[in-house]
file coords_1.txt (compact mmCIF, C-alpha atoms)
# COMPACT_ATOMS: atom_id res chain seq x y z
CA MET E 124 25.04 6.19 -55.51
CA SER E 125 23.68 3.78 -52.96
CA ARG E 126 27.16 3.38 -51.53
CA ASN E 127 27.53 7.18 -51.14
CA LEU E 128 24.16 7.47 -49.42
CA THR E 129 25.09 4.70 -47.04
CA ARG E 130 28.34 6.42 -46.20
CA ARG E 131 26.62 9.75 -45.62
CA GLY E 132 24.05 8.04 -43.44
CA PHE E 133 26.79 6.36 -41.43
CA LEU E 134 28.66 9.63 -40.92
CA LYS E 135 25.46 11.37 -39.87
CA LEU E 136 24.74 8.60 -37.37
CA CYS E 137 28.24 8.93 -35.93
CA TRP E 138 27.82 12.69 -35.58
CA LEU E 139 24.46 12.38 -33.87
CA SER E 140 25.82 9.74 -31.50
CA LEU E 141 28.78 11.95 -30.59
CA ALA E 142 26.49 14.94 -30.02
CA PHE E 143 24.31 12.82 -27.73
CA LEU E 144 27.28 11.66 -25.70
CA LEU E 145 28.58 15.22 -25.32
CA MET E 146 25.19 16.65 -24.42
CA PRO E 147 25.23 18.21 -20.94
CA LYS E 148 23.52 16.31 -18.16
CA GLU E 149 20.81 18.96 -18.06
CA SER E 150 19.36 17.50 -21.25
CA PHE E 151 18.71 14.05 -19.80
CA ALA E 152 15.15 13.56 -18.58
CA TYR E 153 16.13 11.43 -15.60
CA GLU E 154 17.72 14.41 -13.83
CA ARG E 155 14.28 15.85 -13.25
CA GLY E 156 13.17 12.56 -11.74
CA GLU E 157 16.12 12.70 -9.36
CA HIS E 158 15.11 16.17 -8.26
CA ASP E 159 11.55 14.99 -7.64
CA ASP E 160 12.85 12.05 -5.60
CA ILE E 161 14.98 14.30 -3.38
CA THR E 162 12.06 16.67 -2.87
CA GLU E 163 9.75 13.80 -1.90
CA GLU E 164 12.30 12.29 0.48
CA ILE E 165 12.69 15.60 2.33
CA LEU E 166 8.97 16.43 2.41
CA PHE E 167 7.52 12.97 3.01
CA GLY E 168 10.43 10.85 4.25
CA LYS E 169 10.56 8.70 1.09
CA SER E 170 10.42 9.00 -2.68
CA ASN E 171 7.42 7.88 -4.71
CA PRO E 172 4.95 7.92 -1.80
CA VAL E 173 1.72 6.04 -2.42
CA PHE E 174 -0.97 8.69 -2.65
CA ASP E 175 -4.56 8.87 -3.81
CA SER E 176 -5.27 10.99 -6.88
CA LYS E 177 -5.96 14.19 -4.91
CA LYS E 178 -2.65 14.05 -3.07
CA THR E 179 -0.81 13.02 -6.23
CA ASP E 180 -2.20 16.06 -8.06
CA ALA E 181 -0.98 18.32 -5.25
CA LYS E 182 2.49 16.75 -5.37
CA LYS E 183 2.65 17.10 -9.16
CA CYS E 184 1.64 20.74 -8.91
CA LEU E 185 4.54 21.49 -6.55
CA GLU E 186 7.09 19.52 -8.59
CA SER E 187 5.99 21.14 -11.86
CA ALA E 188 6.23 24.58 -10.27
CA VAL E 189 9.76 23.90 -9.00
CA TYR E 190 10.80 22.71 -12.47
CA LEU E 191 9.33 25.79 -14.16
CA CYS E 192 10.96 28.12 -11.64
CA LEU E 193 14.46 26.63 -11.72
CA ASP E 194 15.02 24.38 -14.72
CA GLN E 195 12.69 25.36 -17.57
CA SER E 196 14.55 26.29 -20.75
CA ARG E 197 13.88 26.69 -24.47
CA SER E 198 10.32 25.60 -25.37
CA ASN E 199 9.95 23.01 -22.61
CA GLY E 200 7.34 23.24 -19.86
CA ALA E 201 3.98 23.56 -21.63
CA ASP E 202 2.65 20.39 -19.97
CA ASP E 203 3.77 21.64 -16.55
CA LEU E 204 1.94 24.92 -17.04
CA SER E 205 -1.16 22.91 -17.92
CA ILE E 206 -0.81 20.97 -14.66
CA LEU E 207 -0.78 24.24 -12.73
CA LYS E 208 -3.78 25.62 -14.61
CA ASP E 209 -5.75 22.42 -14.09
CA TYR E 210 -4.98 22.57 -10.36
CA GLY E 211 -6.34 26.10 -10.18
CA VAL E 212 -3.14 28.02 -9.46
CA ASP E 213 -3.55 31.80 -9.66
CA ALA E 214 -2.01 33.92 -12.41
CA VAL E 215 -0.31 31.12 -14.37
CA PRO E 216 1.77 32.86 -17.06
CA LYS E 217 2.15 31.87 -20.69
CA LEU E 218 5.26 29.90 -21.59
CA GLU E 219 6.68 32.75 -23.67
CA GLN E 220 6.49 35.03 -20.61
CA ILE E 221 8.90 32.89 -18.55
CA ALA E 222 10.90 30.92 -21.15
CA LEU E 223 14.67 30.88 -20.74
CA THR E 224 16.01 31.05 -24.28
CA GLY E 225 19.11 32.27 -26.06
CA ILE E 226 21.62 30.54 -23.73
CA PHE E 227 24.06 27.66 -24.09
CA TYR E 228 23.08 24.20 -22.92
CA GLY E 229 23.93 23.71 -19.26
CA SER E 230 24.24 27.41 -18.43
CA HIS E 231 20.70 27.95 -17.14
CA ASP E 232 21.88 27.83 -13.52
CA LYS E 233 23.26 31.36 -13.45
CA TYR E 234 19.83 32.70 -14.38
CA THR E 235 17.83 30.77 -11.79
CA HIS E 236 20.11 29.15 -9.19
CA MET E 237 21.85 32.18 -7.68
CA GLY E 238 19.54 32.37 -4.66
CA TRP E 239 15.89 32.87 -3.72
CA HIS E 240 16.65 36.51 -2.84
CA HIS E 241 19.15 37.18 -5.63
CA ASP E 242 18.91 40.44 -7.58
CA TYR E 243 19.00 39.64 -11.31
CA SER E 244 18.70 43.28 -12.42
CA ASP E 245 22.22 43.18 -13.92
CA THR E 246 21.70 39.79 -15.57
CA ASN E 247 20.50 40.04 -19.15
CA ILE E 248 20.22 37.83 -22.22
CA SER E 249 20.93 39.61 -25.48
CA THR E 250 18.29 37.71 -27.46
CA LEU E 251 15.46 38.68 -25.12
CA GLU E 252 13.56 41.91 -25.71
CA GLU E 253 13.07 42.47 -21.98
CA PRO E 254 15.22 42.22 -18.83
CA TRP E 255 15.70 38.69 -17.56
CA GLU E 256 14.70 39.89 -14.08
CA LYS E 257 11.12 40.35 -15.31
CA ARG E 258 10.89 36.69 -16.30
CA TRP E 259 12.58 35.55 -13.08
CA LYS E 260 10.00 37.41 -11.00
CA LEU E 261 7.21 35.65 -12.89
CA ARG E 262 8.89 32.28 -12.27
CA LYS E 263 9.23 33.02 -8.58
CA LYS E 264 5.61 34.18 -8.38
CA LEU E 265 4.54 31.00 -10.18
CA LEU E 266 6.15 28.86 -7.46
CA LEU E 267 4.70 31.05 -4.70
CA ASN E 268 1.19 30.85 -6.16
CA SER E 269 1.46 27.07 -6.54
CA VAL E 270 2.46 26.68 -2.89
CA ASN E 271 -0.30 29.07 -1.86
CA LYS E 272 -2.91 27.08 -3.80
CA VAL E 273 -1.80 23.62 -2.66
CA PHE E 274 -1.81 24.57 1.02
CA SER E 275 -4.74 27.01 0.94
CA PHE E 276 -2.85 29.81 2.66
CA GLY E 277 -5.69 32.05 1.60
CA PRO E 278 -6.58 35.32 -0.15
CA ILE E 279 -4.45 37.55 2.07
CA SER E 280 -1.35 35.56 1.14
CA SER E 281 -2.43 35.66 -2.52
CA PHE E 282 -2.90 39.44 -2.30
CA ARG E 283 0.59 39.86 -0.88
CA ILE E 284 2.07 37.69 -3.66
CA ASN E 285 0.18 39.04 -6.68
CA VAL E 286 -0.75 42.63 -5.79
CA LEU E 287 1.74 43.92 -3.24
CA GLY E 288 4.66 41.78 -4.33
CA LEU E 289 5.53 41.34 -0.66
CA ALA E 290 5.46 37.60 -0.08
CA GLU E 291 8.55 37.55 2.13
CA GLY E 292 7.68 36.56 5.68
CA THR E 293 4.68 34.44 4.71
CA LYS E 294 4.38 30.67 5.12
CA ALA E 295 3.97 30.40 1.34
CA ASP E 296 7.29 32.17 0.81
CA ALA E 297 9.06 30.06 3.43
CA PHE E 298 7.82 26.79 1.92
CA ALA E 299 8.66 27.89 -1.64
CA GLU E 300 12.14 28.84 -0.46
CA LEU E 301 12.57 25.42 1.14
CA LEU E 302 11.59 23.74 -2.16
CA TYR E 303 14.03 26.00 -4.01
CA TYR E 304 16.99 25.04 -1.81
CA VAL E 305 16.17 21.34 -1.80
CA HIS E 306 16.54 21.55 -5.58
CA ILE E 307 19.84 23.43 -5.26
CA LEU E 308 21.19 20.76 -2.89
CA GLY E 309 20.43 18.10 -5.50
CA ASP E 310 22.40 20.06 -8.11
CA TYR E 311 25.32 20.54 -5.73
CA GLU E 312 25.45 16.80 -5.14
CA ASP E 313 25.40 15.87 -8.83
CA LYS E 314 27.88 18.50 -9.95
CA ILE E 315 30.39 17.89 -7.18
CA ALA E 316 30.40 14.14 -7.87
CA ASP E 317 30.78 14.80 -11.60
CA ASN E 318 33.66 17.24 -11.07
CA ILE E 319 35.47 14.84 -8.76
CA LYS E 320 35.23 12.10 -11.38
CA LYS E 321 36.75 14.48 -13.94
CA GLY E 322 39.49 15.61 -11.58
CA LYS E 323 38.12 19.20 -11.55
CA TYR E 324 38.49 20.32 -7.96
CA LYS E 325 37.96 24.05 -8.35
CA MET E 326 34.18 24.31 -8.05
CA ASP E 327 32.33 26.91 -10.11
CA LEU E 328 28.79 25.63 -9.74
CA LEU E 329 26.90 28.72 -10.99
CA ALA E 330 24.73 28.78 -7.90
CA ILE E 331 24.39 30.57 -4.60
CA PRO E 332 27.44 29.85 -2.43
CA PHE E 333 26.97 26.79 -0.27
CA ALA E 334 28.84 28.42 2.61
CA THR E 335 30.46 31.82 2.90
CA ARG E 336 32.25 33.52 5.76
CA GLN E 337 30.23 36.12 7.68
CA ALA E 338 26.96 35.22 5.97
CA SER E 339 24.26 37.89 6.27
CA LYS E 340 21.34 39.39 4.37
CA GLN E 341 23.90 41.26 2.28
CA ASN E 342 26.16 38.20 1.90
CA ARG E 343 23.83 35.24 1.68
CA ASP E 344 24.72 31.57 1.43
CA LEU E 345 22.53 28.47 1.29
CA PHE E 346 22.60 27.96 5.06
CA PHE E 347 21.57 31.53 5.84
CA ASP E 348 18.54 31.32 3.56
CA LEU E 349 17.63 27.77 4.53
CA GLN E 350 17.62 28.66 8.22
CA GLU E 351 15.42 31.68 7.51
CA SER E 352 12.83 29.57 5.70
CA ILE E 353 12.84 26.83 8.36
CA GLU E 354 12.46 29.33 11.19
CA LYS E 355 9.42 30.85 9.50
CA LEU E 356 7.86 27.48 8.66
CA PHE E 357 8.29 26.00 12.12
CA ASP E 358 8.26 29.09 14.35
CA ASN E 359 5.34 27.67 16.34
CA SER E 360 6.14 24.00 15.88
CA LYS E 361 4.28 21.38 17.89
CA ASP E 362 7.60 19.55 18.11
CA PRO E 363 10.06 22.21 19.35
CA ASN E 364 12.69 19.62 20.21
CA SER E 365 12.91 18.38 16.62
CA PHE E 366 12.96 21.95 15.35
CA LYS E 367 15.84 22.81 17.69
CA SER E 368 17.69 19.63 16.70
CA LEU E 369 17.39 20.49 13.02
CA SER E 370 18.42 24.11 13.57
CA ASP E 371 21.41 23.10 15.70
CA LYS E 372 22.47 20.45 13.17
CA LEU E 373 22.38 22.94 10.29
CA ASP E 374 24.28 25.49 12.38
CA ASN E 375 27.02 22.96 13.10
CA ILE E 376 27.36 21.94 9.44
CA ALA E 377 27.34 25.59 8.36
CA GLN E 378 30.00 26.55 10.91
CA ALA E 379 32.33 23.80 9.68
CA ALA E 380 31.66 24.53 5.99
CA ARG E 381 32.14 28.28 6.39
CA SER E 382 35.51 27.78 8.06
CA ARG E 383 36.94 25.75 5.17
CA PRO E 384 39.17 27.37 2.51
CA ALA E 385 37.96 27.65 -1.08
CA VAL E 386 37.87 24.25 -2.77
CA SER E 387 41.00 23.64 -4.85
CA SER E 388 41.96 20.01 -4.14
CA LYS E 389 40.45 16.56 -4.08
CA THR E 390 40.32 16.66 -0.28
CA GLY E 391 38.51 19.98 -0.38
CA ALA E 392 36.06 18.67 -2.97
CA GLU E 393 35.36 15.56 -0.89
CA ASN E 394 34.74 17.71 2.20
CA PHE E 395 32.35 19.85 0.18
CA ARG E 396 30.49 16.74 -0.97
CA LYS E 397 30.30 15.39 2.59
CA ASP E 398 28.91 18.70 3.88
CA VAL E 399 26.21 18.67 1.20
CA MET E 400 25.29 15.08 2.09
CA LYS E 401 25.15 15.92 5.81
CA THR E 402 22.82 18.83 5.07
CA LYS E 403 20.54 16.64 3.00
CA ARG E 404 20.49 13.92 5.68
CA ALA E 405 19.59 16.46 8.37
CA LEU E 406 16.65 17.71 6.30
CA LYS E 407 15.50 14.14 5.57
CA LYS E 408 15.63 13.25 9.25
CA TYR E 409 13.68 16.17 10.68
CA VAL E 410 11.63 17.98 8.02
CA PRO E 411 9.10 15.16 7.32
CA GLN E 412 8.16 14.80 10.99
CA LEU E 413 8.00 18.57 11.48
CA LEU E 414 5.80 19.06 8.41
CA ALA E 415 3.53 16.18 9.40
CA GLN E 416 2.59 18.14 12.52
CA GLU E 417 1.83 21.37 10.66
CA ASP E 418 -1.90 21.72 9.96
CA PHE E 419 -1.39 23.31 6.53
CA PHE E 420 0.66 20.30 5.42
CA SER E 421 -1.24 17.46 7.11
CA GLN E 422 -4.58 18.71 5.71
CA VAL E 423 -3.22 18.10 2.21
CA PHE E 424 -0.85 15.15 2.61
CA GLY E 425 -1.87 13.66 5.96
call {"tool": "encode", "arguments": {"input": "coords_1.txt", "output": "structure tokens"}}
result
Amino acid sequence: MSRNLTRRGFLKLCWLSLAFLLMPKESFAYERGEHDDITEEILFGKSNPVFDSKKTDAKKCLESAVYLCLDQSRSNGADDLSILKDYGVDAVPKLEQIALTGIFYGSHDKYTHMGWHHDYSDTNISTLEEPWEKRWKLRKKLLLNSVNKVFSFGPISSFRINVLGLAEGTKADAFAELLYYVHILGDYEDKIADNIKKGKYKMDLLAIPFATRQASKQNRDLFFDLQESIEKLFDNSKDPNSFKSLSDKLDNIAQAARSRPAVSSKTGAENFRKDVMKTKRALKKYVPQLLAQEDFFSQVFG
């Protein structure tokens, strides 16, 4: 009997070990830390900046909001919602109002990563009793309200977000959109590297296209949206030269990326990876110094 139990225990251990090894990267906690590092590098010029408790709380609020908007799934996220409530964010929803459930591991991207302006009205999950779009709008509003609270954009901005539902064009919307696409860039980088290692060169990343020909409001790609958010954030920048340098750099990368054929080879995949890295480097070089000169940002993190 003891021998049989030992054998069953051994087989169970083997099964659990195999399941752990096959678990998608999404399930590993360190991925969230990587996202936070990239966000901090682009906002502050370095990861893990040394802040006092007030600034640390503001940073945690933003990072928790980004996680809840883009990566929350199943029953995760209760602690992050508590962080937002404790910080005083408006209209923080209950977890069951935004939870992404009833999907396969690793497939959350197509419900949250398709673009800041994406219409999810045709995207539904059979196990939910309501349209997914309703939950996505609450997630997006959660990130907007967190940005609005951290940077004290004021009651008019809050009214536009929560009552009118017309946040587009506000500083809060532009900053939230920047945070959104910094996260997307991190996912591009990880997934491209992983696919190259596996010899999978046809990229189906379940996210907004990185670059698409003839990008427009009806045919958005990451560069189109990123440029929109940056233009709104820094439209009256105290450092117009840096703003122009960043805008020109992104335009040049976008032009090259949009002219490339669809990725189907190792060379194409490597070019894709290089374009993503160039985009990230451009943001790291210019965004911290531009933000440091914006009153809304320096009053919180200066």
call {"tool": "residues_around", "arguments": {"input": "coords_1.txt", "residues": "Asp194 in chain E", "least_positions_apart": "4", "cutoff": "12 Å", "atoms": "only C-alpha atoms", "output": "PyMOL selection string"}}
result
chain E and resi 149-150+152+154-155+158+186-190+198-200+203+221-224+228-236+259+262+303+306-307+310
call {"tool": "closest_residue", "arguments": {"input": "coords_1.txt", "among": "E:Glu393, E:Glu354, E:Glu164, E:Glu219", "to": "Lys320 in chain E", "atoms": "only C-alpha atoms"}}
result
E:Glu393
call {"tool": "closest_residue", "arguments": {"input": "coords_1.txt", "among": "E:Ala385, E:Ile165, E:Leu287, E:Leu267", "to": "Leu185 in chain E", "atoms": "all atoms listed in the file"}}
result
E:Leu267
call {"tool": "atom_distance", "arguments": {"input": "coords_1.txt", "atom1": "CA of Ser365 in chain E", "atom2": "CA of Ala330 in chain E"}}
result
29.1 Å
call {"tool": "residues_near_point", "arguments": {"input": "coords_1.txt", "point": "(36.0, 23.3, -9.0)", "cutoff": "9 Å", "atoms": "only C-alpha atoms", "output": "VMD selection string"}}
result
chain E and resid 315 318 to 319 322 to 328 386 to 388 392
call {"tool": "atom_distance", "arguments": {"input": "coords_1.txt", "atom1": "CA of Gln422 in chain E", "atom2": "CA of Ala297 in chain E"}}
result
17.9 Å
call {"tool": "residues_around", "arguments": {"input": "coords_1.txt", "residues": "Gln337 in chain E", "least_positions_apart": "5", "cutoff": "12 Å", "atoms": "all atoms listed in the file", "output": "count of residues only"}}
result
10
call {"tool": "closest_residue", "arguments": {"input": "coords_1.txt", "among": "E:Asp213, E:Glu157, E:Thr179, E:Ser352", "to": "Lys272 in chain E", "atoms": "all atoms listed in the file"}}
result
E:Asp213
call {"tool": "closest_residue", "arguments": {"input": "coords_1.txt", "among": "E:Asp313, E:Glu351, E:Glu417, E:Asp175", "to": "Val399 in chain E", "atoms": "all atoms listed in the file"}}
result
E:Asp313
call {"tool": "atom_distance", "arguments": {"input": "coords_1.txt", "atom1": "CA of Phe357 in chain E", "atom2": "CA of Phe274 in chain E"}}
result
15.1 Å
call {"tool": "closest_residue", "arguments": {"input": "coords_1.txt", "among": "E:Asp371, E:Lys401, E:Ala338, E:Ser360", "to": "Asp418 in chain E", "atoms": "only C-alpha atoms"}}
result
E:Ser360
call {"tool": "closest_residue", "arguments": {"input": "coords_1.txt", "among": "E:Glu163, E:Asp180, E:Asp374, E:Glu253", "to": "Leu349 in chain E", "atoms": "all atoms listed in the file"}}
result
E:Asp374
call {"tool": "residues_around", "arguments": {"input": "coords_1.txt", "residues": "Glu291 in chain E", "least_positions_apart": "4", "cutoff": "12 Å", "atoms": "all atoms listed in the file", "output": "PyMOL selection string"}}
result
chain E and resi 239-240+263-264+267+280+283-284+287+295-300+348+351-352+355
call {"tool": "axis_aligned_box", "arguments": {"input": "coords_1.txt", "around": "range 360-367 of chain E", "padding_each_side": "6 Å", "output": "lines of an AutoDock Vina configuration file"}}
result
center_x = 10.1
center_y = 21.2
center_z = 17.8
size_x = 23.6
size_y = 17.6
size_z = 16.9
call {"tool": "build_atoms", "arguments": {"input": "coords_1.txt", "residues": "range 201-212 of chain E", "atoms": "N, CA and C atoms", "output": "short mmCIF file (atom, residue, chain, number, x, y, z; two decimals), keeping the file's coordinate frame"}}
result
data_model
loop_
_atom_site.label_atom_id
_atom_site.label_comp_id
_atom_site.auth_asym_id
_atom_site.auth_seq_id
_atom_site.Cartn_x
_atom_site.Cartn_y
_atom_site.Cartn_z
N ALA E 201 5.40 23.31 -21.34
CA ALA E 201 3.98 23.56 -21.63
C ALA E 201 3.08 22.62 -20.82
N ASP E 202 3.46 21.35 -20.72
CA ASP E 202 2.65 20.39 -19.97
C ASP E 202 2.61 20.74 -18.48
N ASP E 203 3.72 21.26 -17.97
CA ASP E 203 3.77 21.64 -16.55
C ASP E 203 2.87 22.85 -16.28
N LEU E 204 2.85 23.79 -17.20
CA LEU E 204 1.94 24.92 -17.04
C LEU E 204 0.48 24.46 -17.05
N SER E 205 0.20 23.46 -17.88
CA SER E 205 -1.16 22.91 -17.92
C SER E 205 -1.54 22.26 -16.60
N ILE E 206 -0.57 21.58 -15.98
CA ILE E 206 -0.81 20.97 -14.66
C ILE E 206 -1.19 22.04 -13.64
N LEU E 207 -0.48 23.16 -13.66
CA LEU E 207 -0.78 24.24 -12.73
C LEU E 207 -2.16 24.85 -13.00
N LYS E 208 -2.47 25.06 -14.27
CA LYS E 208 -3.78 25.62 -14.61
C LYS E 208 -4.90 24.69 -14.18
N ASP E 209 -4.72 23.40 -14.46
CA ASP E 209 -5.75 22.42 -14.09
C ASP E 209 -5.95 22.35 -12.59
N TYR E 210 -4.89 22.62 -11.83
CA TYR E 210 -4.98 22.57 -10.36
C TYR E 210 -5.63 23.84 -9.80
N GLY E 211 -5.71 24.87 -10.62
CA GLY E 211 -6.34 26.10 -10.18
C GLY E 211 -5.41 27.14 -9.61
N VAL E 212 -4.13 27.05 -9.95
CA VAL E 212 -3.14 28.02 -9.46
C VAL E 212 -3.45 29.40 -10.04
#
